[in-house]
Amino acid sequence: MTSRTMKKVGRRDSSAPSAPRKRTRRQIRFVFVIPATLFIAIFSVYPLTQLLRMSVSDVTPATLGSNWNFVGFSNFSKGFAEGTLGTVLSNTLVFVGIVTVLGLIGGLAAAISLRGSARGTGLLLGLMVFIWALPPVVNGSVWKFLLGNTGLFNSMLGLSGASPIGYLYNQHLALFSVAIVNSWAVVPFNALVFRAAILNIDPEIFEAAQLDGARPFQEIRYVIMAAVRPTTLVLTVLTVVYGFRSFDFIYVMTYGGPGTVTTTLPFLSYVEAFVRYDFGLGSATAVITVVLVIVLAMVYARSVRREEREL
Amino acid sequence: MTNKRKSGKVAPVVRGLLFVAYGVPIIWIVITSLKTSGQVFNTGWGMIFFSPNITAYTKNLHGALLQAGLQSIIIATGTCVLVLLIAVPAGYGLARTTGRIPTIALGALIILQMVPQTATVIPLFQVFGSWGLLDNTLGVVIADTALLTPFAVLLLRPFFRGVPIAL
């Protein structure tokens, strides 16, 4: 390695003295990364290894601080045998599917309608960013109010004489209600990212499209959609992961109920660990979620790298 | 070549829908906060036309709210300072180094950023329990910092890359 550098240096005599020094100086900059590495190792990576250990052990509040009995994969099989894990997996898939589709379509539609400088655009963007910045617990409480039996939606129905609908406690509607509210919360972020991508498009391309007689719809279809494709790929993965992680809205709005209708994987692991106090079982569920997320993260990393190469 | 022509006729409709979707919940929560607990359960026109009052606010203005507010400020400030202390050097370091290690580190950060919170909360509960950090503001600050550091580093790195090396 060093000899090769030296040879190169010898050939390019003008920059000869500075090149090796630069290289070492570059690598010295790893010093700056040390605090973060230590912190993450202690408070992120070490807990994750503990999670792995707990998932194959029998951990109760009594044995939490002491040695755990190794029980192999019985926590995982217990989850499946109880039947909840299967239901919850399908709940999670439905939930993530709705959040992703609505979040992306809503985000793109919002971005397209907000790309100009029409009146109210700034206000609307500000409003959406404000909502996005609110804690999910607050947003969830607001929607619980709106969707309750005496909330805005049911009162509107009441004015037309219909009986109230249990958006949050009807077993067929609850999952959809929570998923739709979750997509509502993710649309502002997606809209901002899409909007940035659209504003990056060279205005000349729009002019050319207009000269060719493209109608607004064709402009959206062939100019905007084509230009934001790499962004869409990255955002899809981010939105899927967002859906997978979602916990706050479910906790506030339905607490996983009625029954287990709105329980998704993260919420199930929370209930198992901190309500039923079966830390091993909760860890096993959490491990399944983490594995799924890691698979998605790899897809994300690959798509980011591909995009960076294209740039 | 006005913007109106560019965005067609659908865009204003979409903007109107967005205004409703994001404005109504906010307005609604403000309206609800001005009702008495009896009025909250009024249906029909009574839910829009009512005599506003601020009892809900005056009732809340006592020690518990101030204490909760102070607690929030402590946690927010502590987390912010700690995240910046850790993430700024790391963002700089990862922006100015090359090779395989930064690539691996970035991949790890992306994965850590995506791990569901419950998956870190369960073991953190155990770890903090054995270190005496439970029921403790410092514990919350550390947990929040651990949660936000990957995001902060990933956000800051491109920024440092944008600064010319010559400076």
# chains A, B, ... in the order shown; residues from 1 in each chain; ligands from 1
$ residues_around --residues "region 283-297 of chain A" --least-positions-apart "2" --cutoff "9 Å" --atoms "only C-alpha atoms" --output "PyMOL selection string"
(chain A and resi 48+51-56+73+75-76+79+85+237-238+240-241+244-245+265-266+268-270+272-273+278-281+299-302) or (chain B and resi 107+110-112+114-116+118-120+122-123)
$ write_last_selection --atoms "N, CA and C atoms" --output "compact mmCIF listing (two decimals), in the first residue's frame"
# COMPACT_ATOMS: atom_id res chain seq x y z
N LEU A 48 -29.14 -3.79 21.66
CA LEU A 48 -29.66 -4.70 20.64
C LEU A 48 -29.13 -6.12 20.86
N LEU A 51 -31.16 -7.49 23.47
CA LEU A 51 -32.47 -7.87 22.93
C LEU A 51 -32.40 -9.28 22.34
N LEU A 52 -31.31 -9.52 21.58
CA LEU A 52 -31.13 -10.85 20.98
C LEU A 52 -31.05 -11.92 22.07
N ARG A 53 -30.27 -11.62 23.13
CA ARG A 53 -30.14 -12.59 24.21
C ARG A 53 -31.47 -12.82 24.91
N MET A 54 -32.22 -11.71 25.14
CA MET A 54 -33.49 -11.86 25.84
C MET A 54 -34.48 -12.67 25.01
N SER A 55 -34.39 -12.56 23.68
CA SER A 55 -35.38 -13.24 22.85
C SER A 55 -35.22 -14.76 22.93
N VAL A 56 -34.03 -15.24 23.33
CA VAL A 56 -33.86 -16.70 23.44
C VAL A 56 -33.76 -17.11 24.91
N PHE A 73 -35.53 -21.33 21.02
CA PHE A 73 -36.47 -20.56 20.21
C PHE A 73 -37.91 -20.67 20.72
N ASN A 75 -39.59 -18.89 22.71
CA ASN A 75 -40.33 -17.62 22.70
C ASN A 75 -40.98 -17.40 21.34
N PHE A 76 -40.21 -17.70 20.27
CA PHE A 76 -40.74 -17.50 18.93
C PHE A 76 -41.91 -18.44 18.66
N GLY A 79 -45.04 -17.44 20.48
CA GLY A 79 -45.77 -16.36 19.82
C GLY A 79 -46.66 -16.88 18.71
N LEU A 85 -49.34 -13.83 16.87
CA LEU A 85 -48.26 -13.37 16.01
C LEU A 85 -48.68 -13.39 14.54
N VAL A 237 -39.15 3.13 0.50
CA VAL A 237 -38.54 2.38 1.59
C VAL A 237 -38.71 3.12 2.91
N LEU A 238 -38.49 4.44 2.89
CA LEU A 238 -38.61 5.22 4.13
C LEU A 238 -40.03 5.14 4.68
N VAL A 240 -42.27 2.76 4.10
CA VAL A 240 -42.53 1.41 4.59
C VAL A 240 -41.95 1.25 5.99
N VAL A 241 -40.72 1.73 6.18
CA VAL A 241 -40.10 1.62 7.50
C VAL A 241 -40.88 2.43 8.52
N PHE A 244 -43.73 0.45 9.55
CA PHE A 244 -43.30 -0.65 10.41
C PHE A 244 -43.04 -0.17 11.83
N ARG A 245 -42.47 1.03 11.96
CA ARG A 245 -42.09 1.52 13.29
C ARG A 245 -43.27 2.08 14.05
N LEU A 265 -46.70 -5.17 14.85
CA LEU A 265 -45.56 -5.83 15.50
C LEU A 265 -44.95 -5.01 16.64
N PRO A 266 -44.59 -3.71 16.42
CA PRO A 266 -43.98 -2.98 17.54
C PRO A 266 -44.91 -2.90 18.74
N LEU A 268 -47.26 -5.03 19.59
CA LEU A 268 -47.35 -6.34 20.24
C LEU A 268 -46.16 -6.55 21.16
N SER A 269 -44.95 -6.19 20.69
CA SER A 269 -43.78 -6.41 21.54
C SER A 269 -43.86 -5.54 22.78
N TYR A 270 -44.41 -4.33 22.64
CA TYR A 270 -44.58 -3.47 23.81
C TYR A 270 -45.53 -4.11 24.81
N GLU A 272 -46.40 -7.24 25.13
CA GLU A 272 -45.85 -8.46 25.72
C GLU A 272 -44.81 -8.15 26.79
N ALA A 273 -44.00 -7.12 26.54
CA ALA A 273 -42.91 -6.84 27.48
C ALA A 273 -43.38 -6.02 28.67
N ASP A 278 -43.72 -10.28 30.03
CA ASP A 278 -42.96 -11.41 29.51
C ASP A 278 -41.91 -10.84 28.57
N PHE A 279 -40.76 -10.45 29.15
CA PHE A 279 -39.75 -9.75 28.35
C PHE A 279 -39.18 -10.61 27.24
N GLY A 280 -39.07 -11.94 27.51
CA GLY A 280 -38.54 -12.83 26.48
C GLY A 280 -39.43 -12.84 25.25
N LEU A 281 -40.74 -12.98 25.49
CA LEU A 281 -41.70 -13.02 24.39
C LEU A 281 -41.68 -11.70 23.62
N VAL A 299 -32.24 -2.77 1.27
CA VAL A 299 -32.81 -2.31 0.00
C VAL A 299 -32.60 -0.81 -0.14
N TYR A 300 -32.85 -0.10 0.97
CA TYR A 300 -32.71 1.36 0.97
C TYR A 300 -31.27 1.76 0.66
N ALA A 301 -30.31 1.12 1.37
CA ALA A 301 -28.91 1.47 1.18
C ALA A 301 -28.50 1.24 -0.27
N ARG A 302 -28.98 0.13 -0.85
CA ARG A 302 -28.62 -0.15 -2.24
C ARG A 302 -29.18 0.90 -3.18
N GLY B 107 -23.84 2.63 6.66
CA GLY B 107 -24.84 1.56 6.58
C GLY B 107 -25.39 1.22 7.95
N ILE B 110 -27.76 3.88 9.12
CA ILE B 110 -29.07 3.80 8.46
C ILE B 110 -29.92 2.72 9.12
N ILE B 111 -29.29 1.56 9.37
CA ILE B 111 -30.04 0.47 9.99
C ILE B 111 -30.50 0.88 11.40
N LEU B 112 -29.58 1.49 12.18
CA LEU B 112 -29.94 1.89 13.54
C LEU B 112 -31.07 2.89 13.54
N MET B 114 -33.45 2.99 11.60
CA MET B 114 -34.72 2.37 11.20
C MET B 114 -35.24 1.38 12.22
N VAL B 115 -34.44 1.03 13.21
CA VAL B 115 -34.89 0.04 14.19
C VAL B 115 -36.10 0.60 14.95
N PRO B 116 -37.16 -0.20 15.09
CA PRO B 116 -38.35 0.28 15.80
C PRO B 116 -38.02 0.64 17.24
N THR B 118 -39.70 0.31 19.98
CA THR B 118 -39.97 -0.69 21.02
C THR B 118 -38.83 -1.69 21.11
N ALA B 119 -38.15 -1.95 19.98
CA ALA B 119 -37.07 -2.91 19.99
C ALA B 119 -35.88 -2.39 20.79
N THR B 120 -35.71 -1.08 20.89
CA THR B 120 -34.63 -0.56 21.73
C THR B 120 -35.11 -0.31 23.15
N ILE B 122 -37.20 -2.12 25.02
CA ILE B 122 -37.22 -3.32 25.86
C ILE B 122 -35.84 -3.59 26.48
N PRO B 123 -34.77 -3.70 25.68
CA PRO B 123 -33.47 -3.93 26.31
C PRO B 123 -32.96 -2.72 27.09
$ closest_atom_pairs --of "chain A" --to "chain B" --cutoff "6 Å" --atoms "only C-alpha atoms" --output "Markdown table"
| residue | atom | partner | partner_atom | distance |
| --- | --- | --- | --- | --- |
| A:Arg26 | CA | B:Thr97 | CA | 5.6 |
| A:Arg29 | CA | B:Gly93 | CA | 5.2 |
| A:Phe30 | CA | B:Gly93 | CA | 5.5 |
| A:Phe32 | CA | B:Pro89 | CA | 4.8 |
| A:Val33 | CA | B:Ala90 | CA | 4.2 |
| A:Pro35 | CA | B:Ile86 | CA | 6.0 |
| A:Ala36 | CA | B:Ile86 | CA | 5.2 |
| A:Phe43 | CA | B:Ala146 | CA | 6.0 |
| A:Pro47 | CA | B:Pro123 | CA | 5.1 |
| A:Gln50 | CA | B:Pro123 | CA | 5.9 |
| A:Leu51 | CA | B:Pro123 | CA | 5.3 |
| A:Ser113 | CA | B:Ala11 | CA | 4.4 |
| A:Gly116 | CA | B:Asn3 | CA | 5.6 |
| A:Thr150 | CA | B:Phe41 | CA | 5.8 |
| A:Ser155 | CA | B:Thr43 | CA | 5.6 |
| A:Leu159 | CA | B:Gly44 | CA | 5.9 |
| A:Pro216 | CA | B:Gly8 | CA | 5.7 |
| A:Arg245 | CA | B:Pro116 | CA | 4.7 |
| A:Pro266 | CA | B:Thr118 | CA | 5.8 |
| A:Ala286 | CA | B:Ala119 | CA | 5.0 |
| A:Val290 | CA | B:Val115 | CA | 5.9 |
| A:Ala297 | CA | B:Ile111 | CA | 5.6 |
$ atom_distance --atom1 "CA of Ile74 (chain B)" --atom2 "CA of Ser141 (chain A)"
24.0 Å
$ closest_residue --among "A:Val181, A:Pro258, A:Ile112, A:Ser163" --to "Val223 (chain A)" --atoms "only C-alpha atoms"
A:Ile112
$ atom_distance --atom1 "CA of Leu156 (chain B)" --atom2 "CA of Ile131 (chain A)"
23.9 Å
$ select_by_dssp --residues "region 84-253 of chain A" --states "helix (DSSP H, G or I)" --output "PyMOL selection string"
chain A and resi 84-113+121-133+136-147+152-159+174-199+203-211+216-227+229-245+248-253
$ atom_distance --atom1 "CA of Val261 (chain A)" --atom2 "CA of Ala185 (chain A)"
20.8 Å
$ residues_around --residues "Ile180 (chain A)" --least-positions-apart "4" --cutoff "9 Å" --atoms "only C-alpha atoms" --output "MDAnalysis selection string"
chainID A and resid 95 98:99 102:103 175:176 184:185
